[in-house]
>>> print(open('query05.pdb').read())   # PDB, C-alpha atoms, pLDDT in the B column
ATOM      1  CA  MET A  13      -6.571 -32.408  42.180  1.00 82.00           C
ATOM      2  CA  PRO A  14      -8.734 -35.054  40.477  1.00 90.00           C
ATOM      3  CA  LYS A  15      -8.267 -38.639  41.595  1.00 95.00           C
ATOM      4  CA  VAL A  16      -9.640 -42.048  40.724  1.00 96.00           C
ATOM      5  CA  THR A  17      -9.482 -45.143  42.919  1.00 98.00           C
ATOM      6  CA  LEU A  18      -9.829 -48.660  41.553  1.00 98.00           C
ATOM      7  CA  THR A  19     -10.064 -51.711  43.803  1.00 98.00           C
ATOM      8  CA  ILE A  20      -9.603 -55.210  42.430  1.00 98.00           C
ATOM      9  CA  ASP A  21      -9.466 -58.706  43.851  1.00 98.00           C
ATOM     10  CA  SER A  22      -6.017 -60.312  43.879  1.00 98.00           C
ATOM     11  CA  ASN A  23      -6.634 -62.262  40.676  1.00 98.00           C
ATOM     12  CA  LEU A  24      -4.403 -61.806  37.624  1.00 98.00           C
ATOM     13  CA  ASP A  25      -7.509 -61.782  35.395  1.00 97.00           C
ATOM     14  CA  ASN A  26      -8.399 -58.364  36.844  1.00 98.00           C
ATOM     15  CA  VAL A  27      -5.096 -56.665  36.013  1.00 98.00           C
ATOM     16  CA  SER A  28      -5.898 -55.912  32.367  1.00 97.00           C
ATOM     17  CA  LEU A  29      -9.005 -53.964  33.464  1.00 97.00           C
ATOM     18  CA  VAL A  30      -6.803 -51.647  35.498  1.00 98.00           C
ATOM     19  CA  GLY A  31      -4.334 -51.331  32.625  1.00 98.00           C
ATOM     20  CA  VAL A  32      -7.049 -50.181  30.223  1.00 98.00           C
ATOM     21  CA  SER A  33      -8.469 -47.802  32.842  1.00 98.00           C
ATOM     22  CA  ILE A  34      -5.072 -46.212  33.520  1.00 98.00           C
ATOM     23  CA  GLN A  35      -4.438 -45.898  29.789  1.00 98.00           C
ATOM     24  CA  GLY A  36      -7.756 -44.066  29.359  1.00 96.00           C
ATOM     25  CA  LEU A  37      -7.044 -41.769  32.281  1.00 96.00           C
ATOM     26  CA  CYS A  38      -3.565 -40.939  30.979  1.00 97.00           C
ATOM     27  CA  MET A  39      -5.021 -40.090  27.566  1.00 96.00           C
ATOM     28  CA  LEU A  40      -6.608 -37.064  29.282  1.00 93.00           C
ATOM     29  CA  THR A  41      -3.147 -35.769  30.204  1.00 95.00           C
ATOM     30  CA  PRO A  42      -0.402 -34.185  28.101  1.00 95.00           C
ATOM     31  CA  LEU A  43       1.574 -37.450  28.075  1.00 96.00           C
ATOM     32  CA  SER A  44       2.688 -38.764  24.698  1.00 95.00           C
ATOM     33  CA  PRO A  45       1.415 -42.167  23.515  1.00 96.00           C
ATOM     34  CA  GLU A  46       4.824 -43.665  24.379  1.00 97.00           C
ATOM     35  CA  ALA A  47       4.737 -42.219  27.907  1.00 97.00           C
ATOM     36  CA  ILE A  48       1.135 -43.433  28.353  1.00 98.00           C
ATOM     37  CA  HIS A  49       2.249 -46.924  27.347  1.00 98.00           C
ATOM     38  CA  ASP A  50       5.119 -46.744  29.851  1.00 98.00           C
ATOM     39  CA  VAL A  51       2.771 -45.741  32.688  1.00 98.00           C
ATOM     40  CA  GLN A  52       0.314 -48.509  31.793  1.00 98.00           C
ATOM     41  CA  LEU A  53       3.139 -51.073  31.598  1.00 97.00           C
ATOM     42  CA  CYS A  54       4.499 -50.039  34.989  1.00 98.00           C
ATOM     43  CA  VAL A  55       1.110 -50.153  36.700  1.00 98.00           C
ATOM     44  CA  VAL A  56       0.323 -53.586  35.247  1.00 98.00           C
ATOM     45  CA  GLU A  57       3.766 -54.910  36.232  1.00 96.00           C
ATOM     46  CA  SER A  58       3.358 -53.496  39.745  1.00 97.00           C
ATOM     47  CA  ILE A  59      -0.041 -55.124  40.239  1.00 98.00           C
ATOM     48  CA  ASN A  60       1.225 -58.420  38.835  1.00 97.00           C
ATOM     49  CA  ASN A  61       4.073 -58.270  41.375  1.00 95.00           C
ATOM     50  CA  VAL A  62       1.630 -57.655  44.219  1.00 97.00           C
ATOM     51  CA  ILE A  63      -0.548 -60.598  43.223  1.00 98.00           C
ATOM     52  CA  GLU A  64       2.356 -62.964  42.488  1.00 95.00           C
ATOM     53  CA  HIS A  65       4.739 -62.070  45.309  1.00 93.00           C
ATOM     54  CA  SER A  66       2.889 -60.232  48.079  1.00 96.00           C
ATOM     55  CA  TYR A  67      -0.301 -62.308  47.928  1.00 98.00           C
ATOM     56  CA  THR A  68       1.379 -65.441  46.451  1.00 96.00           C
ATOM     57  CA  HIS A  69      -1.459 -65.888  43.917  1.00 97.00           C
ATOM     58  CA  GLN A  70      -4.081 -66.121  46.665  1.00 98.00           C
ATOM     59  CA  GLU A  71      -7.404 -64.631  45.649  1.00 98.00           C
ATOM     60  CA  GLY A  72      -9.736 -62.769  47.989  1.00 98.00           C
ATOM     61  CA  TYR A  73      -7.409 -59.895  48.864  1.00 98.00           C
ATOM     62  CA  GLN A  74      -7.640 -56.311  47.681  1.00 98.00           C
ATOM     63  CA  VAL A  75      -5.264 -54.351  45.513  1.00 99.00           C
ATOM     64  CA  VAL A  76      -6.131 -50.649  45.585  1.00 99.00           C
ATOM     65  CA  ILE A  77      -4.885 -48.379  42.816  1.00 99.00           C
ATOM     66  CA  THR A  78      -5.319 -44.625  43.180  1.00 99.00           C
ATOM     67  CA  ALA A  79      -4.390 -42.256  40.364  1.00 98.00           C
ATOM     68  CA  TYR A  80      -3.927 -38.563  41.104  1.00 98.00           C
ATOM     69  CA  LEU A  81      -3.787 -35.969  38.324  1.00 95.00           C
ATOM     70  CA  PHE A  82      -1.740 -32.849  39.009  1.00 95.00           C
ATOM     71  CA  ASN A  83      -0.931 -29.984  36.645  1.00 92.00           C
ATOM     72  CA  ASP A  84       2.580 -31.323  36.093  1.00 95.00           C
ATOM     73  CA  ARG A  85       2.355 -35.081  36.706  1.00 97.00           C
ATOM     74  CA  VAL A  86       0.321 -38.212  37.246  1.00 98.00           C
ATOM     75  CA  MET A  87       0.897 -40.078  40.516  1.00 98.00           C
ATOM     76  CA  LEU A  88      -0.247 -43.634  41.121  1.00 99.00           C
ATOM     77  CA  ASP A  89      -0.369 -45.519  44.419  1.00 99.00           C
ATOM     78  CA  ILE A  90      -0.604 -49.324  44.353  1.00 99.00           C
ATOM     79  CA  VAL A  91      -1.563 -50.519  47.842  1.00 99.00           C
ATOM     80  CA  ASP A  92      -1.743 -54.025  49.311  1.00 98.00           C
ATOM     81  CA  THR A  93      -1.721 -55.756  52.690  1.00 98.00           C
ATOM     82  CA  GLY A  94       0.178 -58.904  51.704  1.00 97.00           C
ATOM     83  CA  LYS A  95       3.648 -59.932  52.813  1.00 96.00           C
ATOM     84  CA  GLY A  96       5.314 -56.976  51.081  1.00 92.00           C
ATOM     85  CA  MET A  97       8.716 -56.694  49.431  1.00 90.00           C
ATOM     86  CA  ASP A  98      11.849 -58.234  50.838  1.00 87.00           C
ATOM     87  CA  GLU A  99      14.554 -55.855  52.020  1.00 84.00           C
ATOM     88  CA  HIS A 100      16.780 -56.209  48.934  1.00 79.00           C
ATOM     89  CA  LEU A 101      13.936 -55.240  46.584  1.00 80.00           C
ATOM     90  CA  ARG A 102      12.987 -52.311  48.845  1.00 80.00           C
ATOM     91  CA  GLN A 103      16.532 -51.034  48.469  1.00 80.00           C
ATOM     92  CA  VAL A 104      16.297 -51.382  44.672  1.00 76.00           C
ATOM     93  CA  VAL A 105      13.011 -49.462  44.600  1.00 80.00           C
ATOM     94  CA  ASN A 106      14.079 -46.707  46.966  1.00 78.00           C
ATOM     95  CA  ALA A 107      17.548 -46.195  45.464  1.00 78.00           C
ATOM     96  CA  PRO A 108      17.798 -42.711  43.919  1.00 73.00           C
ATOM     97  CA  HIS A 109      19.242 -44.003  40.644  1.00 68.00           C
ATOM     98  CA  ILE A 110      19.235 -47.389  39.033  1.00 61.00           C
ATOM     99  CA  LYS A 111      21.464 -48.754  36.337  1.00 57.00           C
ATOM    100  CA  SER A 112      21.175 -52.022  34.497  1.00 56.00           C
ATOM    101  CA  PRO A 113      22.314 -54.632  37.014  1.00 55.00           C
ATOM    102  CA  PRO A 114      23.898 -57.968  36.237  1.00 51.00           C
ATOM    103  CA  GLU A 115      21.241 -60.672  36.147  1.00 52.00           C
ATOM    104  CA  SER A 116      22.739 -62.328  39.219  1.00 52.00           C
ATOM    105  CA  ASP A 117      22.139 -59.174  41.302  1.00 56.00           C
ATOM    106  CA  LEU A 118      18.344 -59.236  40.976  1.00 52.00           C
ATOM    107  CA  PRO A 119      16.180 -61.907  42.567  1.00 54.00           C
ATOM    108  CA  GLU A 120      13.046 -63.156  40.829  1.00 55.00           C
ATOM    109  CA  GLY A 121      10.776 -60.171  40.324  1.00 50.00           C
ATOM    110  CA  GLY A 122      13.685 -57.754  40.298  1.00 58.00           C
ATOM    111  CA  TRP A 123      13.653 -57.209  36.531  1.00 76.00           C
ATOM    112  CA  GLY A 124      10.113 -55.899  36.693  1.00 85.00           C
ATOM    113  CA  LEU A 125      11.220 -53.365  39.280  1.00 86.00           C
ATOM    114  CA  TYR A 126      14.158 -52.380  37.092  1.00 86.00           C
ATOM    115  CA  ILE A 127      11.750 -51.716  34.200  1.00 90.00           C
ATOM    116  CA  ILE A 128       9.458 -49.694  36.462  1.00 94.00           C
ATOM    117  CA  LYS A 129      12.352 -47.616  37.814  1.00 92.00           C
ATOM    118  CA  SER A 130      13.675 -46.940  34.312  1.00 92.00           C
ATOM    119  CA  LYS A 131      10.289 -45.861  32.866  1.00 96.00           C
ATOM    120  CA  MET A 132       8.909 -43.734  35.708  1.00 96.00           C
ATOM    121  CA  ASP A 133      10.291 -40.436  37.036  1.00 95.00           C
ATOM    122  CA  GLU A 134       9.873 -41.399  40.695  1.00 95.00           C
ATOM    123  CA  VAL A 135       9.294 -44.745  42.378  1.00 95.00           C
ATOM    124  CA  THR A 136       9.037 -45.177  46.140  1.00 94.00           C
ATOM    125  CA  TYR A 137       7.898 -47.968  48.437  1.00 95.00           C
ATOM    126  CA  GLN A 138       6.811 -47.732  52.038  1.00 95.00           C
ATOM    127  CA  THR A 139       5.112 -49.904  54.629  1.00 96.00           C
ATOM    128  CA  THR A 140       2.947 -48.580  57.432  1.00 96.00           C
ATOM    129  CA  ASN A 141       0.977 -50.890  59.727  1.00 96.00           C
ATOM    130  CA  ASN A 142       1.261 -53.819  57.270  1.00 95.00           C
ATOM    131  CA  THR A 143      -0.052 -51.659  54.417  1.00 98.00           C
ATOM    132  CA  HIS A 144       2.406 -51.502  51.529  1.00 98.00           C
ATOM    133  CA  THR A 145       2.353 -48.613  49.063  1.00 98.00           C
ATOM    134  CA  LEU A 146       4.270 -48.473  45.811  1.00 97.00           C
ATOM    135  CA  ARG A 147       4.124 -44.920  44.428  1.00 98.00           C
ATOM    136  CA  LEU A 148       4.794 -44.236  40.743  1.00 98.00           C
ATOM    137  CA  VAL A 149       5.163 -40.709  39.352  1.00 98.00           C
ATOM    138  CA  LYS A 150       5.364 -39.631  35.718  1.00 98.00           C
ATOM    139  CA  ARG A 151       5.953 -35.942  35.031  1.00 97.00           C
ATOM    140  CA  PHE A 152       4.583 -34.041  32.073  1.00 94.00           C
ATOM    141  CA  THR A 153       7.882 -33.005  30.540  1.00 79.00           C
ATOM    142  CA  GLN A 154       8.339 -31.541  27.095  1.00 66.00           C
ATOM    143  CA  HIS A 155       9.909 -34.836  26.018  1.00 57.00           C
ATOM    144  CA  SER A 156       6.985 -36.937  27.280  1.00 54.00           C
ATOM    145  CA  CYS A 157       4.150 -34.608  26.210  1.00 55.00           C
ATOM    146  CA  LYS A 158       1.836 -34.201  23.279  1.00 57.00           C
ATOM    147  CA  ILE A 159      -0.170 -31.046  22.715  1.00 48.00           C
ATOM    148  CA  TYR A 160      -2.379 -30.713  25.782  1.00 48.00           C
ATOM    149  CA  ARG A 161      -6.156 -30.698  25.440  1.00 49.00           C
ATOM    150  CA  ARG A 162      -8.198 -29.640  28.420  1.00 50.00           C
ATOM    151  CA  ILE A 163     -11.329 -31.640  29.137  1.00 46.00           C
TER
END
>>> encode(input="query05.pdb", output="structure tokens")
Amino acid sequence: MPKVTLTIDSNLDNVSLVGVSIQGLCMLTPLSPEAIHDVQLCVVESINNVIEHSYTHQEGYQVVITAYLFNDRVMLDIVDTGKGMDEHLRQVVNAPHIKSPPESDLPEGGWGLYIIKSKMDEVTYQTTNNTHTLRLVKRFTQHSCKIYRRI
């Protein structure tokens, strides 16, 4: 399984570089242009959340993004060592299904997670030894695919 790891400093100016890189990587998969855009949007939103909420806009910390390419999906891990998500947001992320919540039910940052959950096929969050991992998975379904070209 091919994989690519990108490491950036916790500065919002670096996020667009990852977005373009993920877009390019996804163009090598059978994902449709719309699905590629969704993956890029979700990765950028996830990294923005890490920088804004987990690192509270403090520079000098690492955000590590690893993309794995499988025959049937792309899987992306966004890893940080900041303060992590609060319990309510963890429940939103790890809930098996998500529906559009009333605005009052989501704290600041919750709408981004709603968008991520609605665009990706799987979203999970876990913390181990103060290392937080948000995992995003997009499957290559007939609906999300273009004609596949092997490299």
>>> resolve_selection(input="query05.pdb", expression="the PyMOL selection byres ((chain A and resi 134) around 8)", output="number ranges by chain")
A: 129, 132-133, 135-136, 147-150
>>> resolve_selection(input="query05.pdb", expression="the PyMOL selection byres ((chain A and resi 52) around 8)", output="compact mmCIF listing (two decimals) with C-alpha atoms, keeping the file's coordinate frame")
# COMPACT_ATOMS: atom_id res chain seq x y z
CA GLY A 31 -4.33 -51.33 32.62
CA VAL A 32 -7.05 -50.18 30.22
CA ILE A 34 -5.07 -46.21 33.52
CA GLN A 35 -4.44 -45.90 29.79
CA ILE A 48 1.14 -43.43 28.35
CA HIS A 49 2.25 -46.92 27.35
CA ASP A 50 5.12 -46.74 29.85
CA VAL A 51 2.77 -45.74 32.69
CA LEU A 53 3.14 -51.07 31.60
CA CYS A 54 4.50 -50.04 34.99
CA VAL A 55 1.11 -50.15 36.70
CA VAL A 56 0.32 -53.59 35.25
>>> atom_distance(input="query05.pdb", atom1="atom CA of Leu146 of chain A", atom2="atom CA of Ile90 of chain A")
5.2 Å
>>> resolve_selection(input="query05.pdb", expression="the PyMOL selection byres ((chain A and resi 15) around 6)", output="PyMOL selection string")
chain A and resi 14+16+79-80
>>> atom_distance(input="query05.pdb", atom1="atom CA of Asn141 of chain A", atom2="atom CA of Asn61 of chain A")
20.0 Å
>>> closest_residue(input="query05.pdb", among="A:Asn83, A:Gln103, A:Thr17, A:Thr68", to="Pro42 of chain A", atoms="all atoms listed in the file")
A:Asn83
>>> closest_residue(input="query05.pdb", among="A:Ala107, A:Ile77, A:Leu24, A:Leu18", to="Ile63 of chain A", atoms="only C-alpha atoms")
A:Leu24
>>> atom_distance(input="query05.pdb", atom1="atom CA of Ile59 of chain A", atom2="atom CA of Val75 of chain A")
7.5 Å
